[in-house]
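Q: Got a file for you: final25.txt, compact mmCIF, C-alpha atoms.
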```txt
# COMPACT_ATOMS: atom_id res chain seq x y z
CA MET A 253 1.87 0.24 20.26
CA GLN A 254 -1.38 -1.63 20.94
CA TRP A 255 -3.75 -2.36 18.07
CA ASN A 256 -6.72 -4.58 17.50
CA LEU A 257 -7.31 -6.51 14.32
CA ASN A 258 -10.82 -7.05 13.05
CA ASN A 259 -11.93 -10.34 11.49
CA SER A 260 -11.54 -8.97 7.97
CA THR A 261 -7.90 -8.09 8.66
CA LYS A 262 -7.18 -11.50 10.20
CA LEU A 263 -8.80 -13.30 7.27
CA ALA A 264 -6.85 -11.21 4.75
CA PHE A 265 -3.57 -12.00 6.50
CA SER A 266 -4.38 -15.70 6.59
CA ARG A 267 -5.21 -15.70 2.85
CA LEU A 268 -2.09 -13.72 2.04
CA ILE A 269 0.39 -16.10 3.64
CA GLN A 270 -1.18 -19.29 2.23
CA PRO A 271 0.82 -19.32 -1.03
CA PHE A 272 4.01 -18.87 1.01
CA GLY A 273 3.26 -21.63 3.54
CA ASP A 274 6.10 -23.86 2.34
CA ASN A 275 8.74 -21.20 2.99
CA LEU A 276 9.05 -20.18 6.62
CA ASN A 277 11.39 -17.28 5.79
CA ASP A 278 8.79 -15.78 3.43
CA VAL A 279 6.01 -16.17 6.03
CA VAL A 280 8.21 -14.48 8.64
CA LYS A 281 9.07 -11.61 6.27
CA ILE A 282 5.39 -11.02 5.37
CA THR A 283 4.43 -11.21 9.05
CA LYS A 284 7.12 -8.65 9.86
CA ALA A 285 5.82 -6.30 7.12
CA PHE A 286 2.24 -6.80 8.34
CA SER A 287 3.20 -6.05 11.95
CA PHE A 288 5.18 -2.96 10.93
CA ALA A 289 2.30 -1.68 8.77
CA ALA A 290 -0.30 -2.40 11.45
CA ASN A 291 1.69 -0.23 13.86
CA VAL A 292 2.11 2.62 11.36
CA TYR A 293 -1.55 2.50 10.27
CA SER A 294 -2.89 2.04 13.83
CA GLY A 295 -5.81 4.38 14.48
CA ILE A 296 -6.04 5.41 10.81
CA PHE A 297 -9.25 4.73 8.90
CA ARG A 298 -10.14 5.04 5.24
CA ASN A 299 -11.78 8.43 4.82
CA GLU A 300 -14.98 8.62 6.86
CA SER A 301 -15.45 4.87 7.00
CA HIS A 302 -14.70 2.73 9.99
CA GLU A 303 -12.48 0.42 7.96
CA PRO A 304 -8.98 0.21 9.44
CA TYR A 305 -6.37 1.46 6.98
CA ILE A 306 -4.39 -1.78 7.30
CA ASN A 307 -7.22 -3.45 5.37
CA HIS A 308 -6.42 -1.31 2.32
CA ALA A 309 -2.79 -2.46 2.42
CA MET A 310 -3.93 -6.07 2.74
CA LYS A 311 -6.35 -5.70 -0.19
CA VAL A 312 -3.56 -4.30 -2.37
CA ALA A 313 -1.37 -7.28 -1.47
CA LEU A 314 -4.27 -9.70 -2.09
CA ILE A 315 -5.01 -8.20 -5.52
CA LEU A 316 -1.42 -9.00 -6.41
CA SER A 317 -1.39 -12.45 -4.83
CA ASP A 318 -4.92 -13.72 -5.56
CA GLU A 319 -5.89 -11.93 -8.75
CA LEU A 320 -2.53 -11.44 -10.49
CA LYS A 321 -0.85 -14.54 -9.00
CA VAL A 322 2.21 -12.55 -7.93
CA HIS A 323 3.96 -14.61 -5.26
CA ASP A 324 7.20 -12.71 -4.87
CA VAL A 325 7.71 -12.06 -1.16
CA ASP A 326 9.34 -8.63 -1.63
CA THR A 327 6.49 -7.45 -3.86
CA ILE A 328 3.94 -8.54 -1.26
CA CYS A 329 5.90 -6.81 1.52
CA VAL A 330 6.08 -3.57 -0.48
CA ALA A 331 2.34 -3.80 -1.18
CA ILE A 332 1.63 -4.06 2.55
CA LEU A 333 4.00 -1.18 3.33
CA HIS A 334 3.35 1.01 0.27
CA ASP A 335 1.72 3.85 2.25
CA ALA A 336 3.87 3.64 5.39
CA ILE A 337 5.94 6.75 4.66
CA GLU A 338 2.90 8.84 3.67
CA LYS A 339 0.75 7.73 6.59
CA SER A 340 3.57 8.30 9.07
CA LYS A 341 3.85 11.85 7.68
CA GLU A 342 7.47 11.08 6.72
CA ASP A 343 8.34 10.38 10.36
CA SER A 344 12.12 9.96 10.38
CA ALA A 345 12.01 6.99 12.78
CA VAL A 346 9.55 5.15 10.52
CA VAL A 347 11.64 5.94 7.44
CA GLU A 348 14.82 4.68 9.12
CA ASP A 349 13.07 1.59 10.53
CA LEU A 350 11.74 0.72 7.07
CA ARG A 351 15.23 0.81 5.62
CA SER A 352 16.89 -1.07 8.49
CA ASN A 353 14.16 -3.74 8.84
CA PHE A 354 13.46 -4.42 5.16
CA GLY A 355 16.60 -3.37 3.27
CA ASP A 356 17.34 -0.90 0.52
CA SER A 357 15.42 -2.64 -2.26
CA ILE A 358 12.08 -2.68 -0.42
CA TYR A 359 12.68 0.79 1.03
CA ASP A 360 13.57 2.26 -2.38
CA THR A 361 10.44 0.78 -3.95
CA ILE A 362 8.26 2.22 -1.17
CA ARG A 363 9.94 5.59 -1.81
CA ILE A 364 9.04 5.36 -5.51
CA LEU A 365 5.41 4.71 -4.52
CA THR A 366 5.24 7.55 -1.98
CA GLU A 367 3.18 10.37 -3.46
CA PRO A 368 4.79 13.80 -3.27
CA LYS A 369 3.40 16.39 -0.91
CA THR A 370 1.30 18.76 -2.99
CA ASN A 371 -0.90 21.81 -2.74
CA GLU A 372 -3.58 23.09 -5.12
CA GLU A 373 -1.03 25.03 -7.19
CA ASN A 374 1.43 22.23 -7.88
CA ARG A 375 -0.71 19.09 -7.47
CA GLU A 376 -1.24 18.32 -11.15
CA LYS A 377 2.38 18.97 -12.15
CA LEU A 378 3.85 16.88 -9.32
CA LEU A 379 1.42 14.00 -9.86
CA VAL A 380 2.19 13.89 -13.59
CA LYS A 381 5.90 13.61 -12.76
CA TYR A 382 5.17 11.02 -10.04
CA PHE A 383 3.17 8.79 -12.40
CA GLU A 384 5.76 9.22 -15.17
CA ASN A 385 8.48 7.99 -12.81
CA ILE A 386 6.41 4.94 -11.92
CA SER A 387 5.49 4.17 -15.52
CA LYS A 388 9.11 4.36 -16.70
CA GLY A 389 10.55 2.44 -13.76
CA PRO A 390 10.69 -1.23 -12.79
CA LYS A 391 7.62 -3.45 -13.06
CA MET A 392 7.16 -4.09 -9.34
CA PRO A 393 6.14 -0.52 -8.40
CA ARG A 394 3.84 -0.35 -11.45
CA PHE A 395 2.01 -3.53 -10.44
CA ILE A 396 1.66 -2.32 -6.86
CA LYS A 397 0.43 1.13 -7.93
CA LEU A 398 -2.13 -0.46 -10.27
CA ALA A 399 -3.35 -2.74 -7.46
CA ASP A 400 -3.49 0.30 -5.16
CA ARG A 401 -5.52 2.30 -7.68
CA LEU A 402 -7.84 -0.67 -8.29
CA ASP A 403 -8.56 -1.08 -4.58
CA ASN A 404 -9.12 2.66 -4.19
CA ALA A 405 -11.49 2.66 -7.19
CA ARG A 406 -13.43 -0.27 -5.72
CA PHE A 407 -13.65 1.59 -2.41
CA LEU A 408 -14.76 4.85 -4.06
CA LYS A 409 -17.44 3.06 -6.07
CA ASN A 410 -19.58 3.11 -2.92
CA ASP A 411 -18.53 6.59 -1.79
CA ARG A 412 -21.24 9.24 -1.52
CA LYS A 413 -18.85 11.87 -2.86
CA LYS A 414 -19.20 11.08 -6.55
CA GLU A 415 -17.01 14.02 -7.62
CA LYS A 416 -14.12 12.49 -5.69
CA ALA A 417 -14.62 9.16 -7.46
CA LEU A 418 -14.81 10.93 -10.84
CA ARG A 419 -11.60 12.90 -10.15
CA TYR A 420 -9.85 9.70 -9.10
CA LYS A 421 -11.00 7.95 -12.27
CA GLU A 422 -9.72 10.80 -14.46
CA GLU A 423 -6.40 10.87 -12.58
CA THR A 424 -5.99 7.12 -13.05
CA GLN A 425 -6.69 7.29 -16.79
CA LYS A 426 -3.88 9.79 -17.41
```
Written as structure tokens, that's how I'd like the structure from this file.

A:
Amino acid sequence: MQWNLNNSTKLAFSRLIQPFGDNLNDVVKITKAFSFAANVYSGIFRNESHEPYINHAMKVALILSDELKVHDVDTICVAILHDAIEKSKEDSAVVEDLRSNFGDSIYDTIRILTEPKTNEENREKLLVKYFENISKGPKMPRFIKLADRLDNARFLKNDRKKEKALRYKEETQK
């Protein structure tokens, strides 16, 4: 699949691999996760903006790396890939490729972070259970979900749809 990276994406990738520069295996693993995510997120933009969705994944990884000083390669890879299953609409080839390319540990953590499919009737109940599972589980998914929510909140701060930002804030505080 062909995709173009904008300057913001290239800069984010460059910043992300800097702390791992002494370990070629880590750089290769992050590059592999980035390439996989860029293919899955190709042509997807954040809401009505023209920002490529890959930038969100990179911002989540950078919040962990730059702001929280998390330099665990698997955590960074999961951060980059955290929405791959959702954005692929649970495409079986993507799901299988995630497992075979990144192993069970990374795949299982991405699964934990994948929001359940909901409708208006069951949304609240399923999200409560989803967030409970994350809060009671291992630290890595919690850190990634918090970084994800932080980036989404920063993005929504400038959104014209204030009710969406308010709903997101209330959901996050639960």

Q: For a test of reading the model, state the distance in Å between atom CA of Arg363 of chain A and atom CA of Asp403 of chain A, rounded to one decimal.

A: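 Between these atoms lies a distance of 19.9 Å.
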
Q: Hey, what's within 12 Å of Thr327 of chain A if we count all atoms listed in the file and toss same-chain stuff fewer than 4 positions away? As a ChimeraX atom specification, please?

A: /A:278,281-282,285,312-317,320-323,331-334,354,357-359,361-362,390-397,399

Q: For a test of reading the model, state the distance in Å between atom CA of Leu263 of chain A and atom CA of Val292 of chain A, rounded to one decimal.

A: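 Value for the atom CA of Leu263 of chain A-atom CA of Val292 of chain A distance: 19.7 Å.
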
Q: Restricting the calculation to all atoms listed in the file: of A:Leu268, A:Ala405, A:Leu365, A:Leu379, which residue gets closest to Ile328 of chain A?

A: A:Leu268

Q: Which residue is closest to Arg401 of chain A? Choose from A:Ala309, A:Val346, A:Leu257, A:Glu303 and count all atoms listed in the file.

A: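 For Arg401 of chain A, the nearest of the given residues is A:Ala309.
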
Q: Which neighbours of Phe383 of chain A fall inside 12 Å, counting all atoms listed in the file, when residues of the same chain fewer than 2 positions from it are skipped, and could you give them as a PyMOL selection string?

A: chain A and resi 364-368+376-381+385-389+393-394+397-398+401+423-426

Q: Looking at only C-alpha atoms, which of A:Ser266, A:Lys311, A:Ala336, A:Asn258 is the one that sits closest to Asn291 of chain A?

A: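 Result for the nearest residue to Asn291 of chain A: A:Ala336.
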
Q: Counting all atoms listed in the file, which residue out of A:Gln270, A:Ser260, A:Tyr382, A:Phe286 sits closest to Thr370 of chain A?

A: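 Between A:Gln270, A:Ser260, A:Tyr382, A:Phe286, the residue approaching Thr370 of chain A most closely is A:Tyr382.
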
Q: So, counting all atoms listed in the file, which residue among A:Asn371, A:Asp343, A:Ala264, A:Gly295 is closest to His308 of chain A?

A: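 Smallest separation from His308 of chain A among the options: A:Ala264.
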
Q: What separation in Å, quoted to one decimal, exists between atom CA of Lys409 of chain A and atom CA of Ile337 of chain A?

A: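 Interatomic distance here is 26.0 Å.
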
Q: Of the residues A:Asp274, A:Ser301, A:Val279, A:Val347, which is the one nearest to Asn410 of chain A, using only C-alpha atoms?

A: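 The closest residue to Asn410 of chain A is A:Ser301.
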